[in-house]
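S.K.: Sharing final_2.cif here; it has mmCIF, C-alpha atoms.
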data_structure
#
loop_
_atom_site.label_atom_id
_atom_site.label_comp_id
_atom_site.auth_asym_id
_atom_site.auth_seq_id
_atom_site.Cartn_x
_atom_site.Cartn_y
_atom_site.Cartn_z
CA MET A 1 0.00 0.00 0.00
CA LEU A 2 2.77 2.46 0.87
CA ALA A 3 4.61 1.67 -2.35
CA ILE A 4 1.49 2.32 -4.43
CA ARG A 5 0.87 5.62 -2.69
CA ARG A 6 4.53 6.64 -3.25
CA VAL A 7 4.23 5.89 -6.99
CA LEU A 8 1.01 7.92 -7.22
CA ALA A 9 2.69 10.87 -5.48
CA GLN A 10 5.61 10.76 -7.93
CA GLN A 11 3.24 10.70 -10.90
CA ALA A 12 1.28 13.63 -9.50
CA ALA A 13 4.52 15.60 -9.02
CA ARG A 14 5.59 14.99 -12.62
CA LEU A 15 2.18 16.04 -13.86
CA ALA A 16 2.44 19.32 -11.90
CA SER A 17 4.38 20.90 -14.83
CA PRO A 18 3.66 23.81 -17.27
CA ILE A 19 1.32 21.50 -19.13
CA GLY A 20 -0.62 20.71 -15.94
CA GLY A 21 -3.42 23.06 -16.93
CA THR A 22 -3.71 21.77 -20.47
CA ARG A 23 -6.06 19.08 -21.71
CA ALA A 24 -3.23 16.55 -22.13
CA GLY A 25 -2.10 16.95 -18.55
CA SER A 26 -5.61 16.52 -17.22
CA SER A 27 -6.16 13.39 -19.32
CA LEU A 28 -2.93 11.87 -18.03
CA LEU A 29 -3.96 12.64 -14.46
CA VAL A 30 -7.37 11.01 -14.94
CA SER A 31 -5.87 7.86 -16.50
CA ALA A 32 -3.32 7.57 -13.70
CA GLY A 33 -6.05 7.94 -11.08
CA ALA A 34 -8.21 5.28 -12.76
CA ALA A 35 -5.30 2.85 -12.93
CA ALA A 36 -4.53 3.46 -9.30
CA GLN A 37 -8.19 2.87 -8.39
CA ARG A 38 -8.24 -0.40 -10.32
CA THR A 39 -5.04 -1.44 -8.58
CA LEU A 40 -6.33 -0.59 -5.12
CA MET A 41 -9.81 -2.13 -5.53
CA PRO A 42 -8.88 -5.81 -4.87
CA ALA A 43 -6.81 -4.76 -1.89
CA ARG A 44 -9.76 -2.84 -0.45
CA GLN A 45 -12.05 -5.79 -0.98
CA MET A 46 -9.57 -8.11 0.71
CA SER A 47 -9.18 -5.77 3.65
CA SER A 48 -12.97 -5.44 4.05
CA SER A 49 -13.54 -9.22 3.92
CA SER A 50 -10.74 -9.89 6.38
CA SER A 51 -12.06 -7.23 8.71
CA SER A 52 -15.58 -8.72 8.59
CA VAL A 53 -14.23 -12.18 9.37
CA SER A 54 -12.13 -10.89 12.24
CA SER A 55 -15.07 -8.88 13.60
CA SER A 56 -17.36 -11.94 13.45
CA ARG A 57 -14.73 -13.93 15.34
CA ARG A 58 -14.48 -11.21 17.94
CA ASN A 59 -18.27 -11.19 18.37
CA THR A 60 -18.61 -14.97 18.92
CA LYS A 61 -17.14 -17.40 21.40
CA ASP A 62 -16.82 -21.13 20.79
CA ASP A 63 -15.55 -23.18 23.72
CA GLY A 64 -16.01 -26.55 21.97
CA GLN A 65 -19.35 -27.23 23.62
CA PHE A 66 -21.48 -24.16 22.85
CA LYS A 67 -21.20 -21.16 20.58
CA THR A 68 -22.38 -17.85 22.04
CA TRP A 69 -22.63 -14.32 20.66
CA LYS A 70 -21.73 -10.89 21.98
CA PRO A 71 -25.01 -9.08 22.82
CA LEU A 72 -24.81 -6.53 19.99
CA ALA A 73 -28.57 -6.99 19.63
CA PRO A 74 -31.28 -8.22 22.02
CA THR A 75 -31.74 -11.38 19.95
CA LEU A 76 -28.08 -12.36 20.46
CA ARG A 77 -27.95 -11.94 24.21
CA HIS A 78 -29.31 -15.41 25.10
CA ARG A 79 -28.56 -17.16 21.80
CA ARG A 80 -26.65 -20.39 22.35
CA MET A 81 -25.96 -23.11 19.79
CA VAL A 82 -24.06 -26.38 19.95
CA SER A 83 -20.49 -26.12 18.70
CA ARG A 84 -19.82 -27.49 15.22
CA LYS A 85 -16.04 -27.26 15.25
CA ASP A 86 -15.57 -30.95 14.54
CA LEU A 87 -18.17 -31.17 11.76
CA HIS A 88 -17.61 -30.98 8.03
CA LYS A 89 -17.70 -27.39 6.71
CA GLY A 90 -18.89 -28.23 3.19
CA GLY A 91 -22.09 -29.67 1.79
CA PRO A 92 -23.28 -33.28 1.72
CA ILE A 93 -22.74 -35.94 -0.93
CA ARG A 94 -25.21 -35.05 -3.66
CA GLU A 95 -26.00 -38.65 -4.57
CA LEU A 96 -27.02 -39.38 -0.97
CA THR A 97 -29.61 -36.59 -0.80
CA VAL A 98 -33.01 -35.82 -2.31
CA ALA A 99 -34.85 -32.52 -2.58
CA LYS A 100 -37.37 -31.76 0.15
CA ARG A 101 -40.69 -30.58 -1.26
CA ARG A 102 -42.67 -28.58 1.28
CA THR A 103 -46.45 -28.42 1.56
CA GLY A 104 -46.81 -25.61 4.08
CA GLY A 105 -48.92 -27.88 6.28
CA ARG A 106 -51.65 -28.23 3.64
CA ASN A 107 -53.21 -31.30 2.07
CA SER A 108 -54.14 -31.89 -1.58
CA SER A 109 -57.28 -29.77 -1.16
CA GLY A 110 -55.33 -26.79 0.13
CA HIS A 111 -56.69 -27.00 3.69
CA ILE A 112 -54.31 -26.57 6.61
CA THR A 113 -53.97 -29.93 8.35
CA CYS A 114 -50.81 -29.13 10.33
CA ARG A 115 -50.66 -25.68 11.87
CA HIS A 116 -47.61 -23.45 12.33
CA ARG A 117 -45.74 -24.76 9.29
CA GLY A 118 -44.45 -22.82 6.29
CA GLY A 119 -41.49 -20.95 4.83
CA GLY A 120 -37.94 -21.59 5.90
CA ALA A 121 -34.67 -22.18 4.09
CA LYS A 122 -34.37 -24.81 1.38
CA ARG A 123 -33.23 -28.22 2.50
CA ARG A 124 -32.12 -31.52 1.09
CA ILE A 125 -33.03 -34.75 2.84
CA ARG A 126 -30.03 -36.91 3.76
CA LEU A 127 -30.65 -40.57 2.98
CA VAL A 128 -29.56 -42.22 6.23
CA ASP A 129 -29.05 -45.98 6.30
CA PHE A 130 -31.07 -47.15 9.30
CA LYS A 131 -31.04 -50.81 8.23
CA ARG A 132 -27.26 -51.43 7.96
CA SER A 133 -27.85 -54.57 5.89
CA GLU A 134 -24.46 -54.56 4.13
CA PRO A 135 -21.85 -56.45 6.21
CA GLY A 136 -18.15 -55.77 6.34
CA PRO A 137 -15.84 -53.10 7.81
CA GLN A 138 -16.66 -49.47 7.04
CA GLN A 139 -14.45 -46.49 7.81
CA VAL A 140 -15.80 -43.17 9.07
CA VAL A 141 -14.85 -40.43 6.61
CA ARG A 142 -16.30 -37.40 8.41
CA LEU A 143 -19.10 -36.14 10.65
CA GLU A 144 -21.75 -33.83 9.17
CA TYR A 145 -24.60 -31.60 10.26
CA ASP A 146 -28.08 -32.67 9.21
CA PRO A 147 -30.79 -29.95 9.19
CA GLY A 148 -33.50 -32.60 9.11
CA ARG A 149 -32.72 -34.13 12.53
CA SER A 150 -31.32 -33.16 15.90
CA ALA A 151 -28.48 -35.73 15.83
CA HIS A 152 -25.33 -35.58 13.73
CA ILE A 153 -24.67 -38.03 10.90
CA ALA A 154 -21.49 -39.81 9.84
CA LEU A 155 -20.33 -40.50 6.30
CA ILE A 156 -18.86 -44.01 6.11
CA LYS A 157 -17.02 -45.75 3.29
CA HIS A 158 -17.02 -49.52 2.82
CA MET A 159 -13.43 -50.73 2.91
CA GLU A 160 -14.06 -53.46 0.31
CA THR A 161 -16.63 -52.01 -2.11
CA ALA A 162 -15.84 -48.28 -1.52
CA LYS A 163 -19.57 -47.58 -1.22
CA LEU A 164 -20.55 -44.40 0.65
CA SER A 165 -23.50 -44.14 3.02
CA TYR A 166 -24.78 -42.08 5.93
CA ILE A 167 -25.47 -43.45 9.42
CA LEU A 168 -26.49 -41.87 12.71
CA ALA A 169 -23.32 -40.74 14.46
CA PRO A 170 -23.04 -42.19 17.98
CA ALA A 171 -21.45 -40.16 20.74
CA GLY A 172 -17.67 -40.45 20.74
CA LEU A 173 -17.33 -41.55 17.11
CA LYS A 174 -14.32 -39.94 15.39
CA PRO A 175 -13.25 -39.72 11.72
CA GLY A 176 -11.01 -42.65 10.84
CA ALA A 177 -12.78 -45.13 13.12
CA VAL A 178 -13.95 -48.47 11.69
CA VAL A 179 -17.50 -49.71 12.27
CA GLN A 180 -19.13 -52.97 11.18
CA SER A 181 -22.58 -54.40 10.63
CA TYR A 182 -23.59 -57.97 11.42
CA MET A 183 -27.16 -57.71 10.13
CA GLY A 184 -26.55 -59.33 6.75
CA VAL A 185 -24.25 -62.08 8.07
CA ASP A 186 -25.27 -65.74 8.13
CA LEU A 187 -24.65 -66.77 11.75
CA LYS A 188 -24.08 -70.43 10.90
CA GLU A 189 -21.42 -69.62 8.34
CA LEU A 190 -19.81 -67.11 10.70
CA VAL A 191 -19.63 -69.69 13.50
CA LYS A 192 -18.12 -72.22 11.08
CA ALA A 193 -15.49 -69.73 9.96
CA ARG A 194 -14.68 -68.78 13.54
CA ARG A 195 -14.31 -72.36 14.72
CA LEU A 196 -12.20 -73.40 11.76
CA GLY A 197 -10.04 -70.33 12.31
CA GLU A 198 -9.49 -71.32 15.94
CA GLY A 199 -8.24 -74.81 14.96
CA GLU A 200 -11.33 -76.95 15.56
CA ASP A 201 -10.83 -79.36 12.71
CA GLY A 202 -13.68 -81.49 11.52
CA PHE A 203 -16.42 -79.00 12.46
CA GLU A 204 -19.31 -79.27 10.08
CA LEU A 205 -22.74 -77.73 10.18
CA GLU A 206 -25.50 -80.31 10.31
CA THR A 207 -29.19 -80.07 9.81
CA GLU A 208 -31.63 -80.69 12.67
CA GLY A 209 -32.43 -84.28 11.53
CA GLU A 210 -28.78 -85.19 11.11
CA SER A 211 -27.89 -83.77 14.52
CA GLU A 212 -30.72 -85.74 16.21
CA ALA A 213 -29.65 -88.99 14.50
CA ALA A 214 -26.02 -88.43 15.44
CA ALA A 215 -26.99 -87.63 19.03
CA THR A 216 -29.13 -90.81 19.29
CA ALA A 217 -26.33 -92.99 17.94
CA THR A 218 -23.86 -91.36 20.29
CA GLY A 219 -26.16 -91.96 23.26
CA GLU A 220 -26.61 -95.67 22.42
CA ALA A 221 -22.87 -96.14 22.01
CA ALA A 222 -22.27 -94.45 25.35
CA ALA A 223 -24.83 -96.70 27.10
CA GLU A 224 -23.20 -99.86 25.70
CA THR A 225 -19.76 -98.69 26.71
CA ALA A 226 -20.94 -97.93 30.26
CA SER A 227 -22.57 -101.38 30.68
CA GLU A 228 -19.41 -103.15 29.49
CA GLU A 229 -17.23 -101.19 31.88
CA THR A 230 -19.58 -101.94 34.81
CA ALA A 231 -19.52 -105.68 34.07
CA ALA A 232 -15.72 -105.64 33.94
CA GLY A 233 -15.49 -103.78 37.26
CA GLU A 234 -14.06 -100.59 35.84
CA THR A 235 -15.14 -97.39 37.59
CA VAL A 236 -13.68 -94.86 35.17
CA VAL A 237 -16.28 -92.83 33.25
CA LYS A 238 -15.23 -91.63 29.84
CA GLU A 239 -16.39 -88.05 29.40
CA ALA A 240 -15.58 -88.05 25.70
CA ALA A 241 -18.44 -90.50 25.04
CA VAL A 242 -21.04 -87.85 25.85
CA GLU A 243 -21.24 -85.00 23.37
CA GLU A 244 -22.22 -81.40 24.16
CA THR A 245 -25.36 -81.72 22.01
CA VAL A 246 -26.90 -84.41 24.27
CA VAL A 247 -29.08 -83.20 27.17
CA LEU A 248 -31.19 -85.03 29.70
CA GLU A 249 -34.88 -84.49 29.09
CA ALA A 250 -35.98 -85.32 32.67
CA GLU A 251 -34.35 -86.43 35.91
CA PRO A 252 -35.30 -89.95 37.05
CA SER A 253 -38.01 -89.79 39.72
CA LEU A 254 -37.77 -91.59 43.09
CA ASP A 255 -40.64 -93.96 42.35
CA ALA A 256 -39.34 -94.89 38.94
CA SER A 257 -38.12 -98.38 38.22
CA PRO A 258 -34.35 -98.84 38.54
CA THR A 259 -34.12 -100.23 35.00
CA ARG A 260 -35.57 -97.08 33.41
CA GLN A 261 -33.08 -95.22 31.23
CA PRO A 262 -33.33 -91.40 30.85
CA THR A 263 -34.40 -90.34 27.39
CA LYS A 264 -31.99 -88.17 25.41
CA ARG A 265 -32.52 -85.63 22.69
CA ALA A 266 -30.26 -83.31 20.73
CA ALA A 267 -30.27 -79.61 21.47
CA GLU A 268 -30.22 -77.17 18.61
CA PRO A 269 -26.88 -75.43 18.22
CA ASP A 270 -26.98 -71.96 19.79
CA PHE A 271 -25.11 -69.91 17.22
CA ALA A 272 -25.90 -66.58 18.90
CA SER A 273 -24.37 -67.50 22.27
CA ASP A 274 -21.31 -68.90 20.51
CA LEU A 275 -20.71 -65.54 18.83
CA VAL A 276 -21.32 -63.20 21.77
CA GLY A 277 -17.72 -63.17 22.94
CA LYS A 278 -16.16 -63.20 19.47
CA ILE A 279 -17.64 -60.26 17.57
CA SER A 280 -16.49 -56.66 17.89
CA MET A 281 -18.42 -54.62 20.47
CA GLU A 282 -17.18 -51.18 19.42
CA VAL A 283 -19.40 -48.10 19.43
CA GLY A 284 -21.21 -47.77 16.11
CA ASN A 285 -21.40 -51.49 15.31
CA CYS A 286 -24.84 -52.75 14.28
CA MET A 287 -26.08 -56.26 15.07
CA PRO A 288 -29.21 -58.21 16.02
CA LEU A 289 -30.37 -57.90 19.61
CA LYS A 290 -29.53 -61.56 20.25
CA LEU A 291 -25.83 -60.75 19.77
CA VAL A 292 -25.81 -57.68 22.04
CA PRO A 293 -24.61 -58.33 25.61
CA MET A 294 -27.20 -57.68 28.30
CA GLY A 295 -26.89 -54.30 29.98
CA ALA A 296 -25.37 -52.61 26.92
CA THR A 297 -26.36 -49.10 25.81
CA ILE A 298 -27.94 -49.14 22.35
CA HIS A 299 -29.78 -46.88 19.89
CA ASN A 300 -31.40 -47.08 16.44
CA ILE A 301 -33.51 -50.08 17.45
CA GLY A 302 -35.82 -51.86 15.03
CA LEU A 303 -39.37 -52.98 15.74
CA HIS A 304 -39.49 -55.86 13.24
CA PRO A 305 -37.05 -58.69 12.48
CA PHE A 306 -34.37 -57.60 9.99
CA GLY A 307 -36.13 -54.23 9.55
CA ARG A 308 -34.83 -50.69 9.79
CA GLY A 309 -34.19 -48.90 13.05
CA GLN A 310 -37.18 -46.91 14.30
CA LEU A 311 -36.64 -46.27 18.01
CA VAL A 312 -34.07 -44.12 19.86
CA ARG A 313 -32.82 -41.94 17.01
CA SER A 314 -32.95 -38.37 18.37
CA ALA A 315 -30.00 -36.43 19.80
CA GLY A 316 -28.65 -37.80 23.07
CA ALA A 317 -31.14 -40.69 23.23
CA SER A 318 -30.21 -44.20 24.37
CA ALA A 319 -31.80 -47.43 25.61
CA GLN A 320 -30.59 -50.30 27.76
CA LEU A 321 -30.90 -53.97 26.90
CA LEU A 322 -32.37 -55.82 29.90
CA TYR A 323 -32.81 -59.33 28.51
CA THR A 324 -32.10 -61.20 25.30
CA ALA A 325 -31.93 -64.78 24.03
CA SER A 326 -31.13 -66.72 20.87
CA SER A 327 -34.82 -66.64 19.88
CA GLY A 328 -38.04 -65.03 20.94
CA LEU A 329 -38.32 -61.51 22.35
CA ALA A 330 -35.80 -59.24 24.05
CA GLN A 331 -36.57 -56.55 26.62
CA ILE A 332 -35.27 -52.98 26.53
CA ARG A 333 -35.71 -49.93 28.75
CA LEU A 334 -36.20 -46.66 26.88
CA THR A 335 -35.11 -43.22 28.07
CA SER A 336 -38.68 -42.41 29.11
CA GLY A 337 -38.69 -45.37 31.51
CA GLU A 338 -40.87 -47.60 29.35
CA VAL A 339 -39.95 -51.28 29.20
CA ARG A 340 -41.04 -53.13 26.09
CA ARG A 341 -40.44 -56.31 24.13
CA ILE A 342 -38.52 -56.35 20.85
CA PRO A 343 -37.83 -59.33 18.52
CA VAL A 344 -34.30 -60.63 19.00
CA ASP A 345 -33.67 -60.45 15.23
CA ALA A 346 -34.31 -56.69 15.17
CA CYS A 347 -31.32 -54.41 14.63
CA ALA A 348 -29.60 -52.28 17.25
CA THR A 349 -26.49 -50.10 17.23
CA LEU A 350 -24.10 -49.89 20.16
CA GLY A 351 -23.66 -46.56 21.91
CA GLN A 352 -25.61 -43.37 22.52
CA VAL A 353 -26.79 -40.93 19.85
CA SER A 354 -24.53 -37.91 19.35
CA ASN A 355 -25.23 -34.20 20.03
CA GLY A 356 -26.48 -34.68 23.55
CA ASP A 357 -26.30 -30.91 24.24
CA HIS A 358 -29.00 -30.20 21.67
CA LYS A 359 -31.59 -29.82 24.45
CA HIS A 360 -29.66 -26.82 25.85
CA GLU A 361 -29.80 -24.77 22.64
CA LYS A 362 -31.56 -21.39 22.57
CA LEU A 363 -32.45 -19.78 19.25
CA GLY A 364 -32.85 -16.32 20.75
CA SER A 365 -35.10 -14.78 18.09
CA ALA A 366 -38.31 -15.36 16.18
CA GLY A 367 -36.45 -15.04 12.89
CA ALA A 368 -34.31 -18.09 13.69
CA LYS A 369 -37.52 -20.04 14.22
CA ARG A 370 -38.95 -18.83 10.89
CA ARG A 371 -35.80 -19.86 9.02
CA ARG A 372 -36.38 -23.39 10.29
CA GLY A 373 -39.84 -23.54 8.74
CA TRP A 374 -42.01 -22.61 11.75
CA ARG A 375 -44.74 -19.98 11.63
CA PRO A 376 -46.04 -18.04 14.66
CA THR A 377 -48.32 -19.67 17.23
CA VAL A 378 -51.40 -17.66 18.25
CA ARG A 379 -52.82 -18.09 21.75
CA GLY A 380 -56.33 -19.42 22.05
CA THR A 381 -57.40 -16.59 24.37
CA ALA A 382 -56.53 -14.09 21.64
CA MET A 383 -58.99 -15.69 19.18
CA ASN A 384 -62.72 -15.40 18.74
CA THR A 385 -65.25 -17.82 20.16
CA HIS A 386 -65.75 -19.80 16.96
CA ASP A 387 -61.99 -20.16 16.42
CA HIS A 388 -60.96 -21.69 19.75
CA PRO A 389 -62.60 -22.99 22.96
CA HIS A 390 -60.62 -20.36 24.90
CA GLY A 391 -61.65 -17.52 22.60
CA GLY A 392 -64.15 -14.73 23.14
CA GLY A 393 -65.24 -13.13 26.38
CA ARG A 394 -63.95 -9.99 28.01
CA GLY A 395 -60.35 -9.63 29.01
CA LYS A 396 -58.13 -12.70 29.39
CA SER A 397 -60.87 -15.10 30.46
CA LYS A 398 -61.07 -18.50 28.77
CA GLY A 399 -64.65 -19.27 29.80
CA ASN A 400 -63.88 -21.19 33.04
CA LYS A 401 -62.69 -24.21 31.03
CA HIS A 402 -59.79 -26.54 31.44
CA PRO A 403 -57.01 -26.05 28.86
CA ARG A 404 -58.11 -27.59 25.59
CA SER A 405 -56.94 -27.92 22.02
CA PRO A 406 -58.73 -26.10 19.18
CA TRP A 407 -60.80 -29.28 18.69
CA GLY A 408 -61.90 -29.61 22.32
CA LYS A 409 -59.41 -32.28 23.49
CA LEU A 410 -57.92 -31.84 26.96
CA ALA A 411 -54.45 -30.34 26.55
CA LYS A 412 -52.97 -30.95 30.01
CA GLY A 413 -53.26 -34.31 31.73
CA GLY A 414 -56.14 -35.73 29.75
CA LYS A 415 -55.91 -39.31 28.52
CA THR A 416 -55.89 -39.68 24.75
CA ARG A 417 -54.97 -43.36 24.33
CA SER A 418 -57.76 -45.90 24.04
CA ARG A 419 -55.48 -48.95 24.03
CA THR A 420 -51.83 -49.77 24.60
CA SER A 421 -49.47 -52.06 22.75
CA SER A 422 -49.20 -55.67 23.91
CA MET A 423 -45.41 -55.40 23.60
CA VAL A 424 -45.21 -52.82 26.40
CA ILE A 425 -44.37 -54.47 29.72
CA LYS A 426 -44.18 -51.32 31.84
CA GLY A 427 -45.41 -47.94 30.66
CA ARG A 428 -43.50 -44.73 31.18
CA PRO A 429 -44.21 -42.91 34.45
CA ARG A 430 -46.94 -40.30 34.09
CA ARG A 431 -47.88 -37.44 36.36
#
Since I need it in another form, could you write the structure as structure tokens?
M.R.:
Amino acid sequence: MLAIRRVLAQQAARLASPIGGTRAGSSLLVSAGAAAQRTLMPARQMSSSSSSVSSSRRNTKDDGQFKTWKPLAPTLRHRRMVSRKDLHKGGPIRELTVAKRRTGGRNSSGHITCRHRGGGAKRRIRLVDFKRSEPGPQQVVRLEYDPGRSAHIALIKHMETAKLSYILAPAGLKPGAVVQSYMGVDLKELVKARRLGEGEDGFELETEGESEAAATATGEAAAETASEETAAGETVVKEAAVEETVVLEAEPSLDASPTRQPTKRAAEPDFASDLVGKISMEVGNCMPLKLVPMGATIHNIGLHPFGRGQLVRSAGASAQLLYTASSGLAQIRLTSGEVRRIPVDACATLGQVSNGDHKHEKLGSAGAKRRRGWRPTVRGTAMNTHDHPHGGGRGKSKGNKHPRSPWGKLAKGGKTRSRTSSMVIKGRPRR
């Protein structure tokens, strides 16, 4: 800047000559001034942009948990947002999004069916994979902000097929971590591979009929061996003659005849219990509930076998697995305190949902609410009689009525459920 000003001063001094008052001197002075203005314009723009950035940094404070603003306006005094330092600064993957078409809360006839909706910034819906049906290791590329949900999402890349997808980001997940899904894995084949890898030669998967026949033959051979040893006077019992798949169906009763032999049957191989201690239990791994250890914290829980996750998906939510088995129904406790049954083949992801501080956010202004697609809410007492049960009358009276909705339903404490689900064991505590 100083060099440019020095050059301009030298040119002005040379132009201050006897021809300074002539038309040629004035034209030279104008051209020199225009060139100098063109030279200085980018510098001015750069200085203004840098000053605006520095001023915005001076007016905000980000401690890694929340971002707050200097109270330059009343709307900024109590504004507090969750920090997004660790999130991706750019946009999403275009192929993993679709355009969101808004209706403004109106149906096909144009009538408002959902109040307080309309306007807001344009959005694109992120296609999040709630099912996690593709097995194999997947690496976390980055964490992103999703305007369509309170939780953060994670972009993962399959390490074998290089396929990209979005998942709900659990708390504590970092870029570079590796997550896996066991939803699309055949448990029998996985057990076979694990056992062969551990050195158990000769392990073969058998059908139910073959296992029962083998168990019956093994039991008969064991009985013959035991009778021969007893006749010979030997007291050593060979444990190898009894296989793990043979169980006693009933204990012999006291009044039973001494010659009665206990019946034997083959138990079905429990593939789930064989895998519990052998699969990875890292945060972000998805698996059926029968593979999750009891007491674990889970989220993104399905309601149907091999279906997508439908429960526990909002920011900071989590559930606890109380009971599970290789078949049947598992039991989970939700954040609300409700205990319900879930099929053991339904999916679940280990860990808690990210962005747990979302509940402490404060928008600070009505404009921030409008930019998110929310229109103003009018109080019932400010309406007329035919518009709301609280409307009409003189002053702030609501007609000596209990708080109600615009359609006459009790708004505070009234029961609205006519029946409950049979899968709910214990309902959430109510006031």
S.K.: Considering all atoms listed in the file, tabulate each residue of region 155-194 of chain A that lies at most 12 Å from region 79-102 of chain A along with its nearest interatomic pair and the corresponding distance in Å to one decimal; arrange the rows by chain and ascending residue number and present them as JSON lines.
M.R.:
{"residue": "A:Leu155", "atom": "CA", "partner": "A:Ile93", "partner_atom": "CA", "distance": 8.9}
{"residue": "A:Ile156", "atom": "CA", "partner": "A:Ile93", "partner_atom": "CA", "distance": 11.4}
{"residue": "A:Lys163", "atom": "CA", "partner": "A:Leu96", "partner_atom": "CA", "distance": 11.1}
{"residue": "A:Leu164", "atom": "CA", "partner": "A:Leu96", "partner_atom": "CA", "distance": 8.3}
{"residue": "A:Ser165", "atom": "CA", "partner": "A:Leu96", "partner_atom": "CA", "distance": 7.1}
{"residue": "A:Tyr166", "atom": "CA", "partner": "A:Leu96", "partner_atom": "CA", "distance": 7.7}
{"residue": "A:Ile167", "atom": "CA", "partner": "A:Leu96", "partner_atom": "CA", "distance": 11.3}
{"residue": "A:Ala169", "atom": "CA", "partner": "A:Leu87", "partner_atom": "CA", "distance": 11.2}
{"residue": "A:Gly172", "atom": "CA", "partner": "A:Asp86", "partner_atom": "CA", "distance": 11.5}
{"residue": "A:Leu173", "atom": "CA", "partner": "A:Asp86", "partner_atom": "CA", "distance": 11.0}
{"residue": "A:Lys174", "atom": "CA", "partner": "A:Asp86", "partner_atom": "CA", "distance": 9.1}
{"residue": "A:Pro175", "atom": "CA", "partner": "A:Asp86", "partner_atom": "CA", "distance": 9.5}
S.K.: For Arg77 (chain A), which residue out of A:Leu363, A:Ala325, A:Val185, A:Met423 is the nearest one, using all atoms listed in the file?
M.R.: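 Closest candidate: A:Leu363.
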S.K.: Compile the contact shell of Ala382 (chain A) as a VMD selection string: residues with an atom at most 8 Å away, counting all atoms listed in the file, same-chain residues fewer than 3 positions apart removed.
M.R.: chain A and resid 378 to 379 391 to 392
S.K.: To test your reading of the syntax: which residues would the PyMOL selection byres ((chain A and resi 284-293) around 8) return for the file shown? Reply as a count of residues only.
M.R.: 36
S.K.: Around all the atoms of region 314-331 of chain A listed in the file, draw an axis-aligned box and extend it by 5 Å on each of the six sides; I want its centre and edge lengths in Å to one decimal, as lines of an AutoDock Vina configuration file.
M.R.:
center_x = -33.5
center_y = -51.6
center_z = 24.1
size_x = 19.7
size_y = 40.3
size_z = 21.5
S.K.: Would you mind listing what lies within 12 Å of Leu72 (chain A) as a PyMOL selection string, with only C-alpha atoms counted and same-chain residues fewer than 4 positions away left out?
M.R.: chain A and resi 55-56+58-60+68+76-79
S.K.: Which residues fall under the PyMOL selection byres ((chain A and resi 178) around 7) in this file, as a count of residues only?
M.R.: 8
S.K.: Within 9 Å of region 353-359 of chain A, counting only C-alpha atoms, which residues show up once you throw out same-chain ones fewer than 4 positions away? Write them as a PyMOL selection string, please.
M.R.: chain A and resi 65-66+81-82+150-153+168-173+298-300+312-318
S.K.: Enter the distance from CA of Lys409 (chain A) to CA of His388 (chain A), in Å, rounded to one decimal.
M.R.: 11.3 Å
S.K.: Convert the output of the PyMOL selection byres ((chain A and resi 308) around 8) on the shown file into explicit residues, formatted as a VMD selection string.
M.R.: chain A and resid 130 to 132 301 to 304 306 to 307 309 to 310 347
S.K.: Calculate how many Å separate CA of Ser365 (chain A) from CA of Thr75 (chain A), rounding to one decimal.
M.R.: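 Between these atoms lies a distance of 5.1 Å.
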S.K.: Tell me which residues come within 12 Å of (-63.3, -17.6, 22.5), as a ChimeraX atom specification, counting only C-alpha atoms in the file's coordinates.
M.R.: /A:379-401,404,406
S.K.: Do you know which residues are at most 12 Å from Pro376 (chain A) counting all atoms listed in the file, after dropping those on the same chain fewer than 6 positions away, and could you put them as a list in words?
M.R.: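 In the requested form, the answer reads Arg115, His116, Arg117, Gly118, Gly119, Ser365, Ala366, Gly367, Ala368, Lys369 and Arg370 of chain A.
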S.K.: Between CA of Arg124 (chain A) and CA of Leu311 (chain A), what is the distance in Å, rounded to a tenth?
M.R.: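 Taking CA of Arg124 (chain A) as the start and CA of Leu311 (chain A) as the end point, the length is 22.9 Å.
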